[in-house]
Amino acid sequence: MAAAPLLVVEDLKTHFFTRRGVTKAVDGVSFTLHAGETLALVGESGSGKSVTCLSLVRLVPEPAGRIVGGRVLLEGEDLLTKSPGEMRRVRGKKIAMVLQDPMTSLNPALTIGTQVSEVVRLHQGLRGGALRERVLSALRRLRISAADTRLGQYPHQFSGGMRQRVSSAIGLSCEPRLLIADEPTTSLDVTIQAQYLELLKEVQAAAGVAIILVTHDFGIVAAIADRVAVMYAGRIVEMGTTLEVFNNPSHPYTRALLRCLPDVGLGRQQLVEIGGQPPDLSRLPAGCPFAPRCPERQSICEEQSPPTVSVGDGHLAECWATKAVGSQQ
Amino acid sequence: MWRYLIGRALQTLLSMLVVISIVFFLTRLSGNPVHLLLDVNASERDQQILMHHLGLDKPLPVQYGIYVMNIFVGDFGNSVLTRRPVTEHIWERLPATVELGFVAMFLSVLIGVPLGMYSAVHRGSMLDSAARVFAVLGQSMPAFWLGLMLILIFAVVLGLFPAGGRGGVENIVLPAFTLGYFTSAAILRLTRSAMLEVLGSDYIKFARLKGLHEQIVLWKHGLKNALLPVVTFAVMLFVQFLGGAVVTETVFAWPGLGRLILESITTRDYPIVQAGVLVLSALYLVGNLFVDVLYSYLNPRIRHARA
Amino acid sequence: MPAPSRELPWFPGAILAALVLTAVFAPYLAPQSPTEGDITQKLIPPVWMERGEGRHPLGTDRFGRDVLSRVIYGSRISLVVSLLAIGLSGTFGTALGLISGYRGGFTDSLLMRFTDIGLSLPTILIAVVLVAVSEPSFRNVVLVISLLLWPRFARQIRGETLGIKEQDFVALAVVAGRSSTWIISRHIFPNVVPTLLVISTLQVGYVILLEGTLSFLGVGVPPPNPAWGLMIADGRGFLATAWWITLFPGVAMLLTVLAVNLMGDWLRDHLDPKLRQLGSRAETEPAAIEPVPEARPRGAAAGADGG
């Protein structure tokens with residue numbers, strides 16, 4: 001990919017300052033994303049996926065949470081140095097986000113029409129008939145039927161899947177460059193999930209929007225993502241193209257996650273769980289944070305942070321046991 | 001939803017019957033009214049005549065029946081003192097009570113909602129702490145004492161407002177504040193907690209993600225949701241002011257229904273006490289029913305659930 | 001959000017301890033008799049004012065009675081009335097709630113309809129009439145307040161019971177052939193005790209205000225008893241000349257109710273987090289979703305004017 005990347009995240013650090021100490025929720029995350037590309041952020045809950053996403057739009061819950069370091073370059077401009085007013089013009093316009101639970105992310109007291117049109121009016125400056133047309137086309141693009149009658153309805157009159165489409169329609173209504181979807185299908189039925197993902201792919205192809213998809217479901221990753229970043233304890237421990245990571249998982253944690261998948265193809269229904277608990281982010285041990293749970297632990301793992309090793313074209317892993325450019329297993 | 005409303009209406013009716021019965025049996029149990037109406041020296045014959053005239057010689061269930069019937073046609077009898085129909089007395093006093101209730105409600109909303117909003121948005125700030133002290137004090141302060149202290153400070157010492165009576169705007173300030181302080185404290189706490197809950201919600205996060213201005217997020221997306229319980233509560237307060245302004249009316253010599261009831265207790269004018277209590281209770285119960293209906297109407301989720 | 005502290009809050013704790021000690025040792029603490037005064041010593045101001053006398057630190061009232069002594073003895077009345085009223089209504093309400101919740105079905109519907117009606121009555125109004133027609137006396141005040149209070153206990157305890165009933169140990173006891181009485185008293189009751197404690201504490205402030213209101217209106221504890229409400233009513237006529245008669249009993253009442261409310265809130269947060277929608281705050285905080293009767297704040301009713 002020769003074109004300049006859409007998004008460059010460099011050494012992003014977001015910490016939470018509480019009475020119990022400093023929780024390093026995101027601790028040195030770097031990645032790049034090109035226009036039209038889909039990156040999946042994978043990991044257990046508490047690994048820092050959601051905080052990473054909120055940091056990109058600078059909506060980390062204050063005052064406890066603060067971005068303490070790094071750069072977030074969107075089309076070359078550092079978002080972390082923008083004023084609150086400038087940042088509001090980025091949110092919803094250049095970066096849109098869809099939240100996990102469609103049942104709670106729409107305002108129950110406002111009609112769907114109001115909730116879609118306010119963002120279009122704000123960012124596109126449209127009024128009257130043009131506004132209405134734009135709102136309707138935004139809804140139709142997500143295949144919401146009878147859009148004009150649905151404008152006057154309230155969220156509770158929609159099903160969960162429909163609400164997630166409305167949220168996405170709101171997100172995509174201003175032609176953003178980047179859509180962040182934080183576990184958008186977790187609370188949907190399996191069939192609705194598949195429908196929604198298909199739709200998302202279709203819209204992405206048409207609009208050329210880049211997507212960051214937060215998930216803990218490798219099935220979804222396989223279905224939609226171009227690249228995968230696996231997060232553990234606030235860091236990306238392995239990143240590469242979806243194919244590479246699936247075929248050649250190079251971090252013990254990734255391998256453990258993949259083993260957790262029911263292997264439907266072979267008819268095995270055996271689920272393996274990763275032993276141990278995710279670490280307490282306010283008191284991380286020295287060395288590799290995964291070491292206490294790692295089956296391939298060496299003595300060095302508990303002493304020094306692991307190096308970043310390149311195992312292929314753009315395929316990186318942070319592990320002492322991984323050999324540079326060579327197949328494991 | 002309709003099933004629920006019909007149930008509530010029936011319950012209101014039942015509550016009203018309970019109040020009617022309590023009032024009936026209490027006034028009958030508390031001695032023979034004839035002794036109160038007649039001179040101590042009245043002859044046995046006079047007593048008999050009056051008993052018959054008042055229907056007191058009939059069996060108790062029959063008396064009760066007649067009594068309930070009369071209430072439903074709006075006949076509460078005559079005042080013992082003035083001999084005028086009780087309904088006239090009530091109508092004279094009702095506007096004052098309604099007026100005081102209205103002003104007190106507006107005052108408490110005007111104080112409570114903005115303070116509660118501010119407290120929630122700036123949680124942990126100095127003003128938040130101050131507002132919470134204001135609220136906790138308001139819920140612990142005896143209204144009658146507060147009223148007297150206000151009279152002491154603002155009428156006696158400073159001479160800013162009259163100490164009592166009804167008339168111009170200056171007359172209603174102190175009683176309305178006395179009546180409204182407790183409730184503005186309650187509204188403050190309610191607004192604060194409702195707003196805090198709303199501010200932590202996903203749709204507020206989503207509204208911020210849309211790039212909306214913080215003021216729009218707060219006032220359009222936030223307040224509208226937080227307001228639902230607050231509006232319902234404010235209307236309910238008004239209803240309660242009608243039902244229970246006895247104390248404030250007494251303190252400020254406000255010529256309302258509550259004070260009429262209390263005066264009539266002192267003068268043993270039981271027909272007025274009965275009627276006054278029944279009218280206020282009816283207002284209170286019907287008002288509460290109305291609040292329930294309003295609540296279901298204001299909440300779109302319930303409005304559309306026509307199960 | 002700062003976590004609520006685990007230790008007992010010192011401020012309300014200290015006030016309550018002082019109050020209980022004052023009530024118990026009133027005869028040793030009070031410098032003068034609370035009910036007898038020297039008419040030649042009437043309307044003496046507090047000691048720090050001109051004409052003040054060391055024998056009467058907080059001054060005297062219009063009969064020359066010592067205000068400090070009366071305030072000290074008044075704590076006994078407030079405490080005894082609230083203990084008795086809460087003991088009485090708590091026992092009755094809890095029993096009813098346990099039976100209603102455990103039995104379920106028709107018994108439950110019937111008892112809960114009663115409770116709903118009880119909760120819907122305009123508290124102050126009914127109290128005023130009840131006490132007025134039945135002659136003001138200490139006993140009647142306690143009875144009337146209890147009568148108005150039990151539904152609050154019944155409803156909450158019933159809710160708790162419903163939850164506990166579903167647990168395994170109850171099912172085991174049923175299988176083991178234990179009687180209902182045994183199960184209720186051995187298995188269910190101990191589990192509702194924390195809730196009971198929280199509701200009781202939260203009602204103390206309310207009872208004190210209600211008693212004060214009734215006494216103030218002249219339908220509560222009869223004179224010459226040193227009830228705080230009565231003292232405030234006494235001082236009303238002398239507001240301009242002898243404000244101390246009104247001020248001090250009011251401060252005592254305010255501090256007491258404040259301390260009890262703070263303590264109740266603290267107990268609720270620590271003993272029983274489930275009860276967050278309940279209590280001195282909660283009486284004013286409706287749940288936001290269903291239009292079931294519980295969705296609206298109950299009981300704020302009386303508070304509107306009495307509090």
# chains A, B, ... in the order shown; residues from 1 in each chain; ligands from 1
>>> residues_around(residues="Ala4 (chain A)", least_positions_apart="4", cutoff="10 Å", atoms="only C-alpha atoms", output="PyMOL selection string")
chain A and resi 8+32-35+75-76
>>> write_last_selection(atoms="all heavy atoms", output="compact mmCIF listing (two decimals), in the first residue's frame")
# COMPACT_ATOMS: atom_id res chain seq x y z
N VAL A 8 -2.53 6.92 11.89
CA VAL A 8 -1.30 6.41 12.49
C VAL A 8 -1.38 6.63 13.99
O VAL A 8 -1.55 7.76 14.44
CB VAL A 8 -0.06 7.13 11.92
CG1 VAL A 8 1.21 6.61 12.59
CG2 VAL A 8 0.02 6.98 10.42
N THR A 32 -1.16 1.29 12.32
CA THR A 32 -1.58 2.17 11.23
C THR A 32 -2.77 1.54 10.54
O THR A 32 -3.00 0.33 10.64
CB THR A 32 -0.47 2.36 10.18
OG1 THR A 32 -0.11 1.07 9.69
CG2 THR A 32 0.74 3.05 10.77
N LEU A 33 -3.52 2.40 9.88
CA LEU A 33 -4.72 1.92 9.20
C LEU A 33 -4.87 2.70 7.91
O LEU A 33 -4.69 3.92 7.88
CB LEU A 33 -5.92 2.16 10.12
CG LEU A 33 -7.26 1.58 9.71
CD1 LEU A 33 -7.20 0.06 9.72
CD2 LEU A 33 -8.33 2.05 10.67
N HIS A 34 -5.16 1.97 6.80
CA HIS A 34 -5.34 2.64 5.52
C HIS A 34 -6.81 2.80 5.21
O HIS A 34 -7.65 2.09 5.78
CB HIS A 34 -4.65 1.84 4.41
CG HIS A 34 -3.16 1.97 4.46
ND1 HIS A 34 -2.38 1.16 5.26
CD2 HIS A 34 -2.31 2.80 3.82
CE1 HIS A 34 -1.11 1.50 5.13
NE2 HIS A 34 -1.04 2.49 4.26
N ALA A 35 -7.10 3.73 4.31
CA ALA A 35 -8.48 3.95 3.91
C ALA A 35 -9.09 2.65 3.40
O ALA A 35 -8.44 1.90 2.67
CB ALA A 35 -8.55 5.04 2.84
N GLU A 75 -5.13 11.49 8.94
CA GLU A 75 -4.76 12.21 7.71
C GLU A 75 -3.65 13.21 8.02
O GLU A 75 -3.67 14.35 7.57
CB GLU A 75 -5.97 12.91 7.13
CG GLU A 75 -7.04 11.91 6.72
CD GLU A 75 -8.30 12.57 6.19
OE1 GLU A 75 -8.73 13.59 6.76
OE2 GLU A 75 -8.83 12.07 5.19
N GLY A 76 -2.71 12.80 8.83
CA GLY A 76 -1.53 13.62 9.10
C GLY A 76 -1.68 14.62 10.23
O GLY A 76 -0.70 15.25 10.63
>>> residues_around(residues="His123 (chain A)", least_positions_apart="6", cutoff="8 Å", atoms="only C-alpha atoms", output="list in words")
Arg89, Gly92, Lys93 and Cys174 of chain A
>>> write_last_selection(atoms="C-alpha atoms", output="short mmCIF file (atom, residue, chain, number, x, y, z; two decimals), in the first residue's frame")
data_model
loop_
_atom_site.label_atom_id
_atom_site.label_comp_id
_atom_site.auth_asym_id
_atom_site.auth_seq_id
_atom_site.Cartn_x
_atom_site.Cartn_y
_atom_site.Cartn_z
CA ARG A 89 -15.75 18.55 14.39
CA GLY A 92 -19.21 12.18 13.99
CA LYS A 93 -17.76 13.78 10.88
CA CYS A 174 -21.68 12.14 7.40
#
>>> residues_around(residues="Ile164 (chain C)", least_positions_apart="3", cutoff="12 Å", atoms="only C-alpha atoms", output="NGL selection string")
:C and (98 or 101-102 or 157-161 or 167-171 or 183-184 or 187-192)
>>> interface_residues(of="chain B", to="chain C", cutoff="6 Å", atoms="only C-alpha atoms", output="list of chain:residue names")
B:Ser15, B:Ser30, B:Ser140, B:Met141, B:Pro142, B:Ala143, B:Trp145, B:Ala186, B:Leu190, B:Gln240, B:Gly244, B:Ala245
>>> select_by_dssp(residues="region 138-250 of chain A", states="strand (DSSP E or B)", output="PyMOL selection string")
chain A and resi 178-182+210-215+227-232+235-241
>>> decode(residues="region 28-48 of chain C", atoms="N, CA and C atoms", output="short mmCIF file (atom, residue, chain, number, x, y, z; two decimals), in the first residue's frame")
data_model
loop_
_atom_site.label_atom_id
_atom_site.label_comp_id
_atom_site.auth_asym_id
_atom_site.auth_seq_id
_atom_site.Cartn_x
_atom_site.Cartn_y
_atom_site.Cartn_z
N TYR C 28 -31.02 14.67 85.48
CA TYR C 28 -29.74 15.14 86.02
C TYR C 28 -29.20 16.33 85.23
N LEU C 29 -29.59 16.40 83.96
CA LEU C 29 -29.04 17.44 83.10
C LEU C 29 -29.83 18.74 83.18
N ALA C 30 -31.13 18.62 83.32
CA ALA C 30 -31.96 19.82 83.28
C ALA C 30 -31.78 20.64 84.54
N PRO C 31 -31.50 21.92 84.37
CA PRO C 31 -31.28 22.75 85.55
C PRO C 31 -32.58 23.04 86.31
N GLN C 32 -33.72 23.03 85.62
CA GLN C 32 -34.98 23.39 86.26
C GLN C 32 -36.04 22.33 85.93
N SER C 33 -37.22 22.52 86.51
CA SER C 33 -38.34 21.65 86.15
C SER C 33 -38.82 22.00 84.75
N PRO C 34 -39.18 21.00 83.96
CA PRO C 34 -39.62 21.30 82.59
C PRO C 34 -41.05 21.81 82.55
N THR C 35 -41.83 21.56 83.57
CA THR C 35 -43.25 21.89 83.48
C THR C 35 -43.68 22.99 84.43
N GLU C 36 -42.86 23.28 85.43
CA GLU C 36 -43.26 24.32 86.37
C GLU C 36 -42.35 25.52 86.25
N GLY C 37 -42.96 26.69 86.26
CA GLY C 37 -42.16 27.89 86.13
C GLY C 37 -42.59 28.94 87.13
N ASP C 38 -41.75 29.91 87.28
CA ASP C 38 -42.06 31.02 88.16
C ASP C 38 -42.54 32.17 87.29
N ILE C 39 -43.80 32.51 87.44
CA ILE C 39 -44.41 33.48 86.52
C ILE C 39 -43.71 34.84 86.60
N THR C 40 -43.07 35.10 87.73
CA THR C 40 -42.33 36.36 87.83
C THR C 40 -41.05 36.34 87.00
N GLN C 41 -40.65 35.14 86.60
CA GLN C 41 -39.41 34.99 85.82
C GLN C 41 -39.70 34.80 84.33
N LYS C 42 -40.86 35.26 83.86
CA LYS C 42 -41.24 34.94 82.49
C LYS C 42 -40.45 35.74 81.45
N LEU C 43 -40.31 35.12 80.27
CA LEU C 43 -39.71 35.77 79.10
C LEU C 43 -38.32 36.35 79.35
N ILE C 44 -37.53 35.65 80.13
CA ILE C 44 -36.14 36.05 80.33
C ILE C 44 -35.33 35.57 79.12
N PRO C 45 -34.51 36.45 78.53
CA PRO C 45 -33.74 36.05 77.34
C PRO C 45 -32.57 35.14 77.72
N PRO C 46 -31.93 34.53 76.71
CA PRO C 46 -30.78 33.67 76.97
C PRO C 46 -29.67 34.41 77.70
N VAL C 47 -28.78 33.65 78.31
CA VAL C 47 -27.82 34.19 79.25
C VAL C 47 -26.87 35.22 78.64
N TRP C 48 -26.56 35.04 77.32
CA TRP C 48 -25.58 35.96 76.72
C TRP C 48 -26.18 37.30 76.35
#
